[in-house]
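Pasting run.cif here (mmCIF, C-alpha atoms):
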```cif
data_model
#
loop_
_atom_site.label_atom_id
_atom_site.label_comp_id
_atom_site.auth_asym_id
_atom_site.auth_seq_id
_atom_site.Cartn_x
_atom_site.Cartn_y
_atom_site.Cartn_z
CA MET A 16 -20.46 -23.91 0.45
CA ASP A 17 -19.33 -21.41 -2.20
CA LYS A 18 -15.64 -22.11 -2.91
CA ARG A 19 -14.52 -18.52 -2.26
CA GLN A 20 -16.28 -18.60 1.14
CA MET A 21 -14.65 -21.98 1.80
CA ILE A 22 -11.21 -20.44 1.19
CA GLY A 23 -12.12 -17.48 3.42
CA LYS A 24 -13.18 -19.83 6.22
CA ARG A 25 -9.96 -21.83 5.93
CA ILE A 26 -7.80 -18.68 6.00
CA ALA A 27 -9.45 -17.64 9.28
CA GLN A 28 -8.22 -20.85 10.97
CA GLU A 29 -4.63 -19.67 10.50
CA PHE A 30 -5.04 -16.75 12.90
CA LYS A 31 -4.14 -17.03 16.58
CA ASP A 32 -5.53 -14.96 19.42
CA GLY A 33 -3.64 -11.66 19.58
CA ASP A 34 -2.39 -11.74 15.99
CA TYR A 35 -1.87 -8.62 13.88
CA VAL A 36 -2.95 -9.36 10.33
CA ASN A 37 -2.95 -7.56 6.97
CA LEU A 38 -5.46 -8.82 4.41
CA GLY A 39 -5.08 -8.09 0.71
CA ILE A 40 -8.13 -6.86 -1.18
CA GLY A 41 -10.61 -9.34 -2.70
CA LEU A 42 -10.67 -12.99 -1.64
CA PRO A 43 -8.51 -12.62 1.54
CA THR A 44 -11.01 -10.18 3.09
CA LEU A 45 -13.64 -12.96 3.21
CA ALA A 46 -11.71 -14.42 6.17
CA VAL A 47 -13.04 -11.63 8.40
CA ASN A 48 -16.45 -13.31 8.58
CA TYR A 49 -15.09 -16.61 9.92
CA ILE A 50 -12.82 -15.70 12.81
CA PRO A 51 -13.84 -17.68 15.92
CA GLU A 52 -15.29 -15.63 18.78
CA ASN A 53 -12.45 -16.44 21.18
CA VAL A 54 -9.76 -15.36 18.69
CA HIS A 55 -9.06 -11.62 18.72
CA VAL A 56 -7.26 -10.44 15.62
CA THR A 57 -6.23 -6.84 14.94
CA PHE A 58 -6.33 -5.90 11.27
CA GLN A 59 -3.90 -3.44 9.76
CA SER A 60 -4.46 -1.43 6.64
CA GLU A 61 -1.23 -0.13 5.15
CA ASN A 62 -2.54 3.40 4.58
CA GLY A 63 -2.17 3.90 8.31
CA ILE A 64 -4.52 2.16 10.74
CA LEU A 65 -4.40 -0.78 13.14
CA GLY A 66 -7.78 -1.93 14.39
CA THR A 67 -10.04 -1.54 11.37
CA GLY A 68 -13.68 -2.28 12.12
CA PRO A 69 -16.60 -3.26 9.90
CA SER A 70 -17.82 -1.16 6.97
CA PRO A 71 -19.92 1.81 8.10
CA ALA A 72 -23.68 1.90 7.58
CA GLU A 73 -24.81 3.64 4.42
CA GLY A 74 -24.78 7.38 5.00
CA ALA A 75 -22.34 7.07 7.92
CA GLU A 76 -19.17 7.01 5.79
CA ASP A 77 -16.33 9.32 6.81
CA LYS A 78 -14.35 10.83 3.91
CA ASP A 79 -11.11 10.35 5.89
CA MET A 80 -11.69 6.70 6.82
CA ILE A 81 -10.66 4.23 4.15
CA ASN A 82 -8.69 1.00 3.91
CA ALA A 83 -5.90 0.34 1.43
CA GLY A 84 -8.44 -0.82 -1.16
CA GLY A 85 -10.24 2.53 -0.97
CA GLY A 86 -13.31 1.13 0.80
CA PHE A 87 -14.86 3.00 3.72
CA ILE A 88 -14.10 1.56 7.15
CA THR A 89 -14.71 2.20 10.82
CA ALA A 90 -12.20 2.07 13.67
CA LEU A 91 -12.49 -0.25 16.68
CA PRO A 92 -11.98 1.17 20.20
CA HIS A 93 -8.35 -0.03 20.33
CA ALA A 94 -7.49 1.40 16.90
CA SER A 95 -4.55 3.67 16.19
CA PHE A 96 -3.67 5.93 13.25
CA PHE A 97 -0.14 6.53 11.97
CA ASP A 98 1.75 7.76 8.93
CA SER A 99 2.78 5.65 5.95
CA ALA A 100 6.44 5.33 6.96
CA LEU A 101 5.45 3.96 10.36
CA SER A 102 2.89 1.72 8.70
CA PHE A 103 5.62 0.12 6.61
CA ALA A 104 7.99 -0.02 9.58
CA ILE A 105 5.32 -2.23 11.18
CA ILE A 106 5.12 -4.33 8.02
CA ARG A 107 8.78 -4.55 7.03
CA GLY A 108 9.98 -4.78 10.61
CA GLY A 109 8.30 -8.14 11.17
CA HIS A 110 5.57 -6.87 13.51
CA VAL A 111 2.72 -8.21 11.38
CA ASP A 112 2.03 -11.86 12.19
CA ALA A 113 0.38 -12.75 8.91
CA THR A 114 -0.42 -11.29 5.54
CA VAL A 115 -2.86 -12.91 3.14
CA LEU A 116 -2.64 -12.07 -0.56
CA GLY A 117 -3.90 -13.24 -3.91
CA ALA A 118 -1.49 -14.48 -6.58
CA LEU A 119 -1.12 -14.72 -10.32
CA GLN A 120 1.49 -17.45 -9.81
CA VAL A 121 3.22 -19.12 -6.90
CA ASP A 122 5.87 -21.83 -7.07
CA GLY A 123 7.40 -24.73 -5.15
CA LYS A 124 10.15 -22.53 -3.76
CA GLY A 125 7.72 -20.09 -2.17
CA ASN A 126 8.20 -17.46 -4.87
CA LEU A 127 5.21 -15.22 -5.54
CA ALA A 128 4.19 -13.23 -8.62
CA ASN A 129 1.16 -10.99 -8.15
CA TRP A 130 1.95 -7.47 -9.32
CA MET A 131 2.37 -7.33 -13.08
CA ILE A 132 1.90 -9.03 -16.43
CA PRO A 133 4.48 -7.41 -18.74
CA GLY A 134 2.83 -5.62 -21.64
CA LYS A 135 -0.67 -6.25 -20.28
CA MET A 136 -1.22 -5.17 -16.75
CA VAL A 137 1.13 -2.95 -14.75
CA PRO A 138 -0.79 -1.66 -11.74
CA GLY A 139 2.36 -1.34 -9.62
CA MET A 140 3.36 -3.30 -6.55
CA GLY A 141 1.84 -0.86 -4.04
CA GLY A 142 2.59 -2.31 -0.61
CA ALA A 143 2.71 -5.97 -1.67
CA MET A 144 6.51 -6.33 -1.88
CA ASP A 145 7.00 -4.89 1.60
CA LEU A 146 4.22 -7.05 3.04
CA VAL A 147 5.55 -10.27 1.56
CA THR A 148 9.10 -9.40 2.64
CA GLY A 149 8.26 -8.45 6.20
CA ALA A 150 5.24 -10.41 7.46
CA ARG A 151 6.10 -13.42 9.61
CA SER A 152 3.80 -15.70 7.67
CA VAL A 153 2.78 -15.10 4.07
CA ILE A 154 -0.41 -16.88 3.07
CA VAL A 155 -1.42 -17.02 -0.57
CA ALA A 156 -5.18 -17.44 -1.02
CA MET A 157 -6.45 -18.08 -4.53
CA GLU A 158 -8.24 -20.45 -6.84
CA HIS A 159 -6.01 -23.40 -7.71
CA VAL A 160 -6.24 -22.92 -11.49
CA ASP A 161 -6.81 -19.85 -13.68
CA LYS A 162 -9.94 -19.22 -15.75
CA TYR A 163 -8.48 -21.33 -18.58
CA GLY A 164 -7.87 -24.26 -16.24
CA ASN A 165 -4.08 -23.76 -16.07
CA SER A 166 -2.28 -24.41 -12.82
CA LYS A 167 -1.26 -21.28 -10.89
CA ILE A 168 1.11 -23.37 -8.75
CA LEU A 169 4.18 -23.82 -10.90
CA LYS A 170 7.63 -25.40 -10.75
CA GLU A 171 8.96 -21.89 -11.23
CA CYS A 172 7.12 -18.56 -11.58
CA THR A 173 7.41 -17.04 -15.08
CA LEU A 174 5.99 -13.59 -14.25
CA PRO A 175 8.05 -10.89 -12.46
CA LEU A 176 8.30 -11.79 -8.78
CA THR A 177 6.83 -9.89 -5.87
CA ALA A 178 9.29 -11.58 -3.52
CA LYS A 179 11.60 -14.56 -3.54
CA GLY A 180 11.02 -17.54 -1.25
CA LYS A 181 8.69 -15.79 1.19
CA VAL A 182 5.38 -17.69 0.83
CA THR A 183 4.72 -20.00 3.79
CA LEU A 184 1.24 -21.44 3.02
CA ILE A 185 -1.05 -21.73 -0.02
CA ILE A 186 -4.81 -22.04 0.48
CA THR A 187 -6.92 -22.80 -2.59
CA ASP A 188 -10.37 -24.16 -3.40
CA MET A 189 -8.74 -27.63 -3.70
CA ALA A 190 -6.02 -27.88 -1.10
CA VAL A 191 -3.81 -26.42 1.59
CA LEU A 192 -0.12 -26.62 0.68
CA LYS A 193 2.71 -25.89 3.08
CA VAL A 194 5.92 -24.48 1.63
CA THR A 195 8.94 -26.33 3.05
CA ALA A 196 12.64 -26.48 2.19
CA GLN A 197 11.94 -29.83 0.50
CA GLY A 198 9.02 -28.48 -1.55
CA LEU A 199 5.24 -28.20 -1.31
CA VAL A 200 3.56 -30.54 1.16
CA LEU A 201 -0.10 -31.45 0.54
CA GLN A 202 -1.43 -30.77 4.02
CA GLU A 203 -5.19 -30.76 3.48
CA LEU A 204 -7.72 -31.58 0.78
CA ALA A 205 -10.98 -29.73 0.22
CA VAL A 206 -13.96 -31.98 0.84
CA GLY A 207 -14.74 -33.89 -2.35
CA THR A 208 -11.25 -33.38 -3.82
CA THR A 209 -8.83 -36.29 -4.26
CA VAL A 210 -5.02 -36.38 -4.18
CA GLU A 211 -5.13 -37.18 -7.91
CA ASP A 212 -7.27 -34.07 -8.59
CA VAL A 213 -4.71 -31.87 -6.84
CA VAL A 214 -1.70 -33.50 -8.49
CA LYS A 215 -3.35 -33.02 -11.89
CA ALA A 216 -4.11 -29.34 -11.21
CA THR A 217 -0.62 -28.56 -9.85
CA GLU A 218 2.42 -28.10 -12.08
CA ALA A 219 4.83 -28.05 -9.11
CA GLU A 220 5.96 -31.32 -7.55
CA LEU A 221 3.97 -32.22 -4.44
CA ILE A 222 5.09 -34.11 -1.37
CA ILE A 223 2.22 -36.39 -0.35
CA PRO A 224 2.32 -37.34 3.34
CA ASP A 225 0.65 -40.46 4.77
CA VAL A 226 -1.93 -38.45 6.65
CA ILE A 227 -3.78 -35.64 4.89
CA GLY A 228 -6.41 -33.51 6.59
CA THR A 229 -9.62 -32.14 5.07
CA PHE A 230 -11.34 -28.76 5.11
CA GLY A 231 -14.50 -27.18 3.76
CA ASP A 232 -17.17 -29.32 5.46
CA MET B 29 4.83 32.83 11.93
CA VAL B 30 4.09 30.98 8.72
CA LYS B 31 2.59 32.98 5.87
CA VAL B 32 -1.01 32.19 4.90
CA ILE B 33 -1.46 32.36 1.14
CA SER B 34 -4.14 31.43 -1.41
CA ALA B 35 -4.12 28.19 -3.38
CA ALA B 36 -3.46 30.28 -6.52
CA GLU B 37 -0.42 31.92 -4.89
CA ALA B 38 0.83 28.48 -3.86
CA ALA B 39 0.44 27.13 -7.40
CA ALA B 40 2.20 30.20 -8.85
CA MET B 41 5.40 29.25 -6.97
CA ILE B 42 5.51 25.95 -8.82
CA LYS B 43 7.29 26.15 -12.18
CA PRO B 44 7.38 23.77 -15.15
CA GLY B 45 9.79 20.95 -14.28
CA SER B 46 9.28 21.26 -10.49
CA ARG B 47 9.56 18.10 -8.40
CA LEU B 48 6.45 17.74 -6.23
CA ALA B 49 6.08 15.40 -3.23
CA ILE B 50 2.32 15.20 -2.78
CA GLY B 51 0.49 13.75 0.22
CA GLY B 52 -2.54 11.49 0.07
CA PHE B 53 -3.58 7.89 -0.46
CA LEU B 54 -6.20 7.24 -3.16
CA ALA B 55 -7.00 10.98 -2.85
CA VAL B 56 -7.82 10.75 0.85
CA GLY B 57 -5.64 13.42 2.44
CA ALA B 58 -4.77 15.02 -0.90
CA PRO B 59 -4.36 18.84 -1.06
CA GLU B 60 -7.21 19.17 -3.58
CA ASP B 61 -7.41 23.00 -3.68
CA ILE B 62 -3.69 23.39 -4.48
CA LEU B 63 -3.96 20.65 -7.13
CA ASP B 64 -6.97 22.46 -8.66
CA ALA B 65 -4.96 25.70 -8.75
CA ILE B 66 -2.04 23.97 -10.51
CA VAL B 67 -4.50 22.61 -13.09
CA GLU B 68 -5.97 26.08 -13.55
CA GLN B 69 -2.52 27.58 -14.14
CA GLY B 70 -1.57 24.72 -16.46
CA THR B 71 1.93 24.24 -15.02
CA ASN B 72 3.37 21.27 -16.89
CA ASP B 73 6.46 19.05 -17.14
CA LEU B 74 6.01 18.23 -13.46
CA HIS B 75 7.70 15.38 -11.63
CA MET B 76 5.40 13.77 -9.09
CA ILE B 77 6.35 11.75 -6.00
CA VAL B 78 3.21 10.16 -4.66
CA ILE B 79 1.93 6.85 -3.23
CA ALA B 80 -0.75 6.27 -5.87
CA SER B 81 -2.07 7.95 -8.99
CA ASP B 82 -5.52 8.26 -7.35
CA TRP B 83 -8.69 8.61 -9.43
CA GLU B 84 -9.15 10.44 -12.74
CA ASN B 85 -11.14 13.26 -11.12
CA ARG B 86 -9.68 13.26 -7.59
CA GLY B 87 -6.25 13.81 -6.07
CA VAL B 88 -3.22 13.82 -8.35
CA GLY B 89 -5.36 12.15 -11.02
CA LYS B 90 -6.40 15.69 -12.00
CA LEU B 91 -2.78 16.59 -12.86
CA ILE B 92 -2.47 13.43 -14.97
CA GLN B 93 -5.81 13.98 -16.71
CA ASN B 94 -4.60 17.45 -17.77
CA ARG B 95 -1.23 16.07 -18.98
CA LEU B 96 0.80 18.16 -16.56
CA VAL B 97 2.99 15.29 -15.32
CA LYS B 98 6.01 14.15 -17.34
CA SER B 99 7.50 11.73 -14.82
CA ALA B 100 6.62 10.09 -11.55
CA GLN B 101 7.90 7.96 -8.70
CA VAL B 102 4.85 6.07 -7.50
CA SER B 103 3.90 2.69 -6.03
CA HIS B 104 0.40 2.06 -7.39
CA LEU B 105 -1.38 2.96 -10.65
CA GLY B 106 -4.20 0.41 -10.46
CA THR B 107 -7.05 2.88 -9.92
CA ASN B 108 -6.15 5.18 -12.81
CA ARG B 109 -6.30 3.97 -16.41
CA THR B 110 -5.16 7.33 -17.82
CA ILE B 111 -1.72 7.14 -16.22
CA GLN B 112 -1.29 3.54 -17.40
CA ALA B 113 -2.21 4.63 -20.94
CA GLN B 114 0.23 7.58 -20.79
CA MET B 115 2.95 5.26 -19.48
CA ASN B 116 2.31 2.62 -22.16
CA ALA B 117 2.33 5.31 -24.87
CA GLY B 118 5.75 6.47 -23.64
CA GLU B 119 4.37 9.90 -22.69
CA MET B 120 5.24 9.54 -19.03
CA ASP B 121 8.39 8.20 -17.44
CA ILE B 122 7.44 6.15 -14.38
CA GLU B 123 9.57 4.56 -11.70
CA LEU B 124 7.46 2.07 -9.76
CA VAL B 125 8.69 2.00 -6.16
CA PRO B 126 7.46 -0.34 -3.40
CA GLN B 127 5.34 1.77 -1.09
CA GLY B 128 7.41 1.29 2.05
CA THR B 129 10.60 1.99 0.11
CA LEU B 130 9.09 5.13 -1.40
CA MET B 131 8.18 6.46 2.03
CA GLU B 132 11.63 5.78 3.49
CA ARG B 133 13.39 7.33 0.47
CA VAL B 134 11.33 10.51 0.82
CA ARG B 135 11.80 10.53 4.59
CA ALA B 136 15.56 10.01 4.09
CA PHE B 137 15.80 13.20 2.04
CA GLY B 138 13.94 15.14 4.73
CA ALA B 139 16.14 13.60 7.39
CA GLY B 140 19.42 14.43 5.66
CA LEU B 141 20.25 10.83 4.74
CA GLY B 142 21.67 9.72 1.41
CA GLY B 143 19.43 6.70 1.21
CA ILE B 144 18.31 3.54 2.96
CA LEU B 145 19.01 -0.21 2.96
CA THR B 146 15.90 -2.34 2.50
CA PRO B 147 15.29 -6.07 1.93
CA THR B 148 12.12 -5.24 -0.05
CA GLY B 149 12.63 -6.04 -3.73
CA ILE B 150 15.54 -8.48 -3.31
CA GLY B 151 15.23 -11.19 -5.96
CA THR B 152 12.81 -9.08 -8.05
CA ILE B 153 13.20 -6.61 -10.93
CA VAL B 154 13.28 -3.80 -8.34
CA GLU B 155 16.90 -4.70 -7.52
CA GLU B 156 18.06 -4.44 -11.15
CA GLY B 157 20.88 -1.94 -11.63
CA LYS B 158 21.10 -1.18 -7.92
CA GLN B 159 23.83 -1.81 -5.39
CA ILE B 160 23.19 -4.78 -3.09
CA ILE B 161 24.83 -4.58 0.31
CA ASN B 162 25.12 -7.59 2.60
CA HIS B 163 24.91 -6.62 6.23
CA GLY B 164 24.76 -9.18 9.04
CA GLY B 165 24.22 -11.96 6.52
CA VAL B 166 21.18 -10.32 4.89
CA ASP B 167 21.05 -8.77 1.43
CA TYR B 168 19.70 -5.23 1.23
CA ILE B 169 19.13 -2.90 -1.72
CA LEU B 170 20.72 0.53 -1.45
CA GLU B 171 17.86 2.88 -2.32
CA PRO B 172 18.77 6.58 -2.70
CA ALA B 173 16.91 9.45 -1.02
CA ILE B 174 14.29 11.17 -3.20
CA PRO B 175 14.63 14.96 -3.33
CA SER B 176 11.76 17.31 -4.07
CA ASP B 177 11.33 21.04 -4.65
CA PHE B 178 7.89 21.37 -3.13
CA ALA B 179 5.94 19.23 -0.68
CA LEU B 180 2.18 19.69 -1.05
CA VAL B 181 0.44 18.47 2.06
CA LYS B 182 -3.09 18.25 3.45
CA ALA B 183 -3.53 18.71 7.21
CA TYR B 184 -6.54 18.82 9.50
CA LYS B 185 -5.42 21.66 11.77
CA ALA B 186 -2.46 24.00 11.41
CA ASP B 187 -1.50 26.71 13.83
CA LYS B 188 0.14 29.88 12.57
CA SER B 189 3.60 28.57 13.41
CA GLY B 190 2.97 25.64 11.06
CA ASN B 191 2.40 22.89 13.61
CA LEU B 192 0.11 20.27 12.06
CA THR B 193 -2.41 17.64 13.05
CA PHE B 194 -4.05 15.19 10.70
CA ARG B 195 -7.39 13.44 10.63
CA LYS B 196 -7.80 9.62 10.74
CA THR B 197 -6.47 7.81 7.65
CA ALA B 198 -5.99 11.16 5.87
CA ARG B 199 -2.65 11.32 7.69
CA ASN B 200 -1.00 8.65 5.46
CA SER B 201 2.00 10.06 3.56
CA ASN B 202 1.41 13.70 4.56
CA PRO B 203 3.82 13.91 7.54
CA ILE B 204 6.54 12.22 5.43
CA MET B 205 6.08 14.45 2.39
CA ALA B 206 6.04 17.50 4.70
CA MET B 207 9.61 16.71 5.81
CA ALA B 208 10.95 16.44 2.29
CA GLY B 209 10.03 19.66 0.49
CA LYS B 210 12.64 22.37 0.04
CA ILE B 211 9.45 24.41 0.31
CA THR B 212 6.48 22.81 2.10
CA ILE B 213 3.00 24.15 1.44
CA VAL B 214 0.17 22.88 3.64
CA GLU B 215 -3.51 23.03 2.82
CA ALA B 216 -5.31 22.89 6.18
CA GLU B 217 -8.99 22.50 7.01
CA HIS B 218 -8.57 24.67 10.10
CA ILE B 219 -5.94 27.39 10.55
CA VAL B 220 -5.84 28.28 14.25
CA GLU B 221 -3.96 30.74 16.46
CA ILE B 222 -0.73 29.83 18.19
CA GLY B 223 -1.60 28.24 21.54
CA GLU B 224 -4.75 26.53 20.29
CA LEU B 225 -2.94 23.26 19.52
CA ASP B 226 -1.70 21.24 22.46
CA PRO B 227 2.02 20.56 21.81
CA GLU B 228 1.27 16.90 22.70
CA GLU B 229 -1.09 16.54 19.73
CA VAL B 230 1.23 18.03 17.10
CA ILE B 231 2.21 15.37 14.55
CA THR B 232 4.35 17.53 12.25
CA PRO B 233 6.30 20.33 13.92
CA GLY B 234 6.12 23.72 12.22
CA VAL B 235 9.84 23.70 11.43
CA PHE B 236 9.01 21.74 8.28
CA VAL B 237 6.27 24.11 7.08
CA ASP B 238 6.70 27.27 4.96
CA TYR B 239 3.20 28.27 3.81
CA LEU B 240 -0.40 27.56 4.77
CA VAL B 241 -3.46 27.54 2.51
CA GLN B 242 -7.01 27.54 3.91
CA SER B 243 -8.80 24.49 2.48
CA LYS B 244 -12.30 24.88 1.08
CA GLU B 245 -13.11 21.54 2.67
CA VAL B 246 -13.73 21.90 6.38
CA THR B 247 -14.60 18.89 8.52
CA ASN B 248 -15.61 19.28 12.13
CA GLY B 249 -14.89 16.48 14.58
#
```

Kindly transcribe the structure held in the file into C-alpha cells.
Amino acid sequence: MDKRQMIGKRIAQEFKDGDYVNLGIGLPTLAVNYIPENVHVTFQSENGILGTGPSPAEGAEDKDMINAGGGFITALPHASFFDSALSFAIIRGGHVDATVLGALQVDGKGNLANWMIPGKMVPGMGGAMDLVTGARSVIVAMEHVDKYGNSKILKECTLPLTAKGKVTLIITDMAVLKVTAQGLVLQELAVGTTVEDVVKATEAELIIPDVIGTFGD
Amino acid sequence: MVKVISAAEAAAMIKPGSRLAIGGFLAVGAPEDILDAIVEQGTNDLHMIVIASDWENRGVGKLIQNRLVKSAQVSHLGTNRTIQAQMNAGEMDIELVPQGTLMERVRAFGAGLGGILTPTGIGTIVEEGKQIINHGGVDYILEPAIPSDFALVKAYKADKSGNLTFRKTARNSNPIMAMAGKITIVEAEHIVEIGELDPEEVITPGVFVDYLVQSKEVTNG
C-alpha cells in the first residue's frame, strides 16, 4: 500500500461514530476514503459548513460551494451553513471532536509548528491556530522525516509554533505516537518497520512499551 | 428604505486611506463588482481587513495586483504570491491574525465591544506584545476590536430595507463584516421588494446596511 494511503487509512481508525471532524488540506483528506461503513462522521470546513459531501461531478460544480482549501464540494442532506464567526465558535469552543493537520515539526511536548518558515514561507496561519487550540483531539498526520531525511519529530520545535502542547497523536508512515505527560509513547509500528528504525528517525525521546501494535497491513 | 447605487458610486465613497472590511473566502462571496470599481477608480493607500488575500485575478487579489493596498489584517496569504512578494519587499504592512480571532475582533467592533479574550495564539508569536489575562485558571490574549470605515459585502438576496440572505458557503465572513462598517455597502445578486423575504430567513438584519449595489452575477436557486 502507498504510504500516504496507509496514513490516511490509519487516521480513519481514530474516528468514532457521531464525531465531528475537521481535516486539513492534503494528506489528512485521504482519511475520507477509509471510514468504516458503520461509523458516521460529519466533516466541517472552516469557511462555514458542517456536513460536506464528496466532490461534485465535472460540470456540476457550484461557484458558492467550496471547502477551506478552495476545492468544490457538495453538501450532505444533514449539512448546515453558517458564518465564519460561528464556524470558529464551533472550533474554538471545543465542539469539534478531532482535527487532523500536517506539520513541519512536532515535538515531544505536543508542540506543533506548521504555519511559517521565517524568511522563506509565510502563508499565514489561516484557521490552524484556532483548530489546534480548540479541537478535543489534535492529530498530526505526516511523513516521519522530511525530504532530506531529517526527523520532523524533535525534542523541541525550532520553527514558530502554531500552538503549545496541544497535539494528542502523531500518525506517520512509520509509527503511531501518543503524546503523554511523560513524553511520546510508541504505540504502533507500520508493517515492516522496526523499533530501531523509528528510534533512528526520531529526534525526540521515545517511550517504548512492552506491547506495540502494528498498522498498514 | 436603503438606497440602491451603482458599483461606481459605491467606490467613489471610498477615499485613499480608507479602512475596508471585505467579505469573502478565497473570493467566494466577494463583492467583485465593487472591487472592480475601486480598481477602475484607482483608490490607493487602502487598509484591508479580510480572511484571505484570494487569487491574483479574483476577490481582493485585484486590489493587491493593482497596488492599492498599503496595509492589511488577514489570516491567510497562501494562494497569492503577489501579496507575499509585496510584504517581503516591505511595500505592504501586514498583521497576520488567526482566522477565528480576526472574525471575533471584527464582530466585537460591530457589537460595541472593546475586544475579546481568546486562548488562540497562547505560547506562539501571536501573543507577543499583547496583554495576557488569566481567567478561571486559563490564559487568554486580549485582542482589540478592529474598526473599519466601510464594510463591502456580497449577499444573495437583499430587500429594499437592507435585510440580507446569503448563498451556501458564500456566506462566510459577510454577515460579520456587515456588522462592522461605519458604512456598509452590499452587492446583492437579487434586490427584492420589502415583503418578499420571509423574516425567518433573514441572516443579516437591514439595520446594519446603508447601500445596495445590484451585482452583475445573478445565480438562481

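Proximity ranking of B:Ala179, B:Ile150, B:Leu124, B:Ile66 relative to B:Asp167 places B:Ile150 first, based on only C-alpha atoms.
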
### Message
Near chain B, meaning an atom within 9 Å, which residues of chain A appear when counting only C-alpha atoms? Write them as a ChimeraX atom specification.
### Response
/A:61-64,78-85,95-104,106-107,134,136-149,175-180

Okay, now the selection with C-alpha atoms, as a CSV table (one decimal), keeping the file's coordinate frame?
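File written: part05.csv
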```csv
chain,number,residue,atom,x,y,z
A,61,GLU,CA,-1.2,-0.1,5.2
A,62,ASN,CA,-2.5,3.4,4.6
A,63,GLY,CA,-2.2,3.9,8.3
A,64,ILE,CA,-4.5,2.2,10.7
A,78,LYS,CA,-14.4,10.8,3.9
A,79,ASP,CA,-11.1,10.4,5.9
A,80,MET,CA,-11.7,6.7,6.8
A,81,ILE,CA,-10.7,4.2,4.2
A,82,ASN,CA,-8.7,1.0,3.9
A,83,ALA,CA,-5.9,0.3,1.4
A,84,GLY,CA,-8.4,-0.8,-1.2
A,85,GLY,CA,-10.2,2.5,-1.0
A,95,SER,CA,-4.6,3.7,16.2
A,96,PHE,CA,-3.7,5.9,13.2
A,97,PHE,CA,-0.1,6.5,12.0
A,98,ASP,CA,1.8,7.8,8.9
A,99,SER,CA,2.8,5.6,6.0
A,100,ALA,CA,6.4,5.3,7.0
A,101,LEU,CA,5.4,4.0,10.4
A,102,SER,CA,2.9,1.7,8.7
A,103,PHE,CA,5.6,0.1,6.6
A,104,ALA,CA,8.0,0.0,9.6
A,106,ILE,CA,5.1,-4.3,8.0
A,107,ARG,CA,8.8,-4.6,7.0
A,134,GLY,CA,2.8,-5.6,-21.6
A,136,MET,CA,-1.2,-5.2,-16.8
A,137,VAL,CA,1.1,-3.0,-14.8
A,138,PRO,CA,-0.8,-1.7,-11.7
A,139,GLY,CA,2.4,-1.3,-9.6
A,140,MET,CA,3.4,-3.3,-6.6
A,141,GLY,CA,1.8,-0.9,-4.0
A,142,GLY,CA,2.6,-2.3,-0.6
A,143,ALA,CA,2.7,-6.0,-1.7
A,144,MET,CA,6.5,-6.3,-1.9
A,145,ASP,CA,7.0,-4.9,1.6
A,146,LEU,CA,4.2,-7.0,3.0
A,147,VAL,CA,5.6,-10.3,1.6
A,148,THR,CA,9.1,-9.4,2.6
A,149,GLY,CA,8.3,-8.4,6.2
A,175,PRO,CA,8.0,-10.9,-12.5
A,176,LEU,CA,8.3,-11.8,-8.8
A,177,THR,CA,6.8,-9.9,-5.9
A,178,ALA,CA,9.3,-11.6,-3.5
A,179,LYS,CA,11.6,-14.6,-3.5
A,180,GLY,CA,11.0,-17.5,-1.2
```

### Task
Please write the residues picked by the PyMOL selection byres ((chain A and resi 150) around 10) on this file as JSON, numbers by chain.
{"A": [35, 36, 37, 105, 106, 107, 108, 109, 110, 111, 112, 113, 114, 115, 145, 146, 147, 148, 149, 151, 152, 153, 154, 181, 182]}

Dump as a compact mmCIF listing (two decimals), in the coordinates of the input, selection limited to C-alpha atoms:
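To be explicit, this is the file written out as selection_25.txt:
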```txt
# COMPACT_ATOMS: atom_id res chain seq x y z
CA TYR A 35 -1.87 -8.62 13.88
CA VAL A 36 -2.95 -9.36 10.33
CA ASN A 37 -2.95 -7.56 6.97
CA ILE A 105 5.32 -2.23 11.18
CA ILE A 106 5.12 -4.33 8.02
CA ARG A 107 8.78 -4.55 7.03
CA GLY A 108 9.98 -4.78 10.61
CA GLY A 109 8.30 -8.14 11.17
CA HIS A 110 5.57 -6.87 13.51
CA VAL A 111 2.72 -8.21 11.38
CA ASP A 112 2.03 -11.86 12.19
CA ALA A 113 0.38 -12.75 8.91
CA THR A 114 -0.42 -11.29 5.54
CA VAL A 115 -2.86 -12.91 3.14
CA ASP A 145 7.00 -4.89 1.60
CA LEU A 146 4.22 -7.05 3.04
CA VAL A 147 5.55 -10.27 1.56
CA THR A 148 9.10 -9.40 2.64
CA GLY A 149 8.26 -8.45 6.20
CA ARG A 151 6.10 -13.42 9.61
CA SER A 152 3.80 -15.70 7.67
CA VAL A 153 2.78 -15.10 4.07
CA ILE A 154 -0.41 -16.88 3.07
CA LYS A 181 8.69 -15.79 1.19
CA VAL A 182 5.38 -17.69 0.83
```

### Query
Could you pull the residues within 10 Å of B:Lys31, counting all atoms listed in the file, minus those fewer than 5 positions along the same chain, as number ranges by chain?
B: 188-190, 213, 237-241

### Message
Once the PyMOL selection byres ((chain B and resi 217-228) around 12) has been evaluated on this model, what residues remain selected, and can you format them as a ChimeraX atom specification?
### Response
/B:29-33,57-61,181-195,198,214-216,229-234,239-249

### Task
Could you give me, as number ranges by chain, the residues that have an atom at most 9 Å away from the point (7.2, 16.9, -15.6) in the coordinates of the file, using only C-alpha atoms?
B: 44-47, 72-76, 96-100, 120-121

### Query
the PyMOL selection byres ((chain A and resi 40-53) around 6) on the file shown: which residues, as a VMD selection string?
chain A and resid 23 to 24 26 to 27 38 to 39 54 115

## Note on the structure
As a check of understanding: the span from atom CA of A:Thr209 to atom CA of A:Thr173 is 27.4 Å

### Query
Which residues, protein or nucleic acid, reach to within 8 Å of (5.9, -28.2, -1.7) in the file's coordinates when using only C-alpha atoms, and can you give that as a PyMOL selection string?
chain A and resi 123-124+192-201+219-222

Go ahead and save the picked residues with C-alpha atoms, as a short mmCIF file (atom, residue, chain, number, x, y, z; two decimals), in the coordinates of the input.
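Printed below is out_27.cif as written:
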```cif
data_model
loop_
_atom_site.label_atom_id
_atom_site.label_comp_id
_atom_site.auth_asym_id
_atom_site.auth_seq_id
_atom_site.Cartn_x
_atom_site.Cartn_y
_atom_site.Cartn_z
CA GLY A 123 7.40 -24.73 -5.15
CA LYS A 124 10.15 -22.53 -3.76
CA LEU A 192 -0.12 -26.62 0.68
CA LYS A 193 2.71 -25.89 3.08
CA VAL A 194 5.92 -24.48 1.63
CA THR A 195 8.94 -26.33 3.05
CA ALA A 196 12.64 -26.48 2.19
CA GLN A 197 11.94 -29.83 0.50
CA GLY A 198 9.02 -28.48 -1.55
CA LEU A 199 5.24 -28.20 -1.31
CA VAL A 200 3.56 -30.54 1.16
CA LEU A 201 -0.10 -31.45 0.54
CA ALA A 219 4.83 -28.05 -9.11
CA GLU A 220 5.96 -31.32 -7.55
CA LEU A 221 3.97 -32.22 -4.44
CA ILE A 222 5.09 -34.11 -1.37
#
```
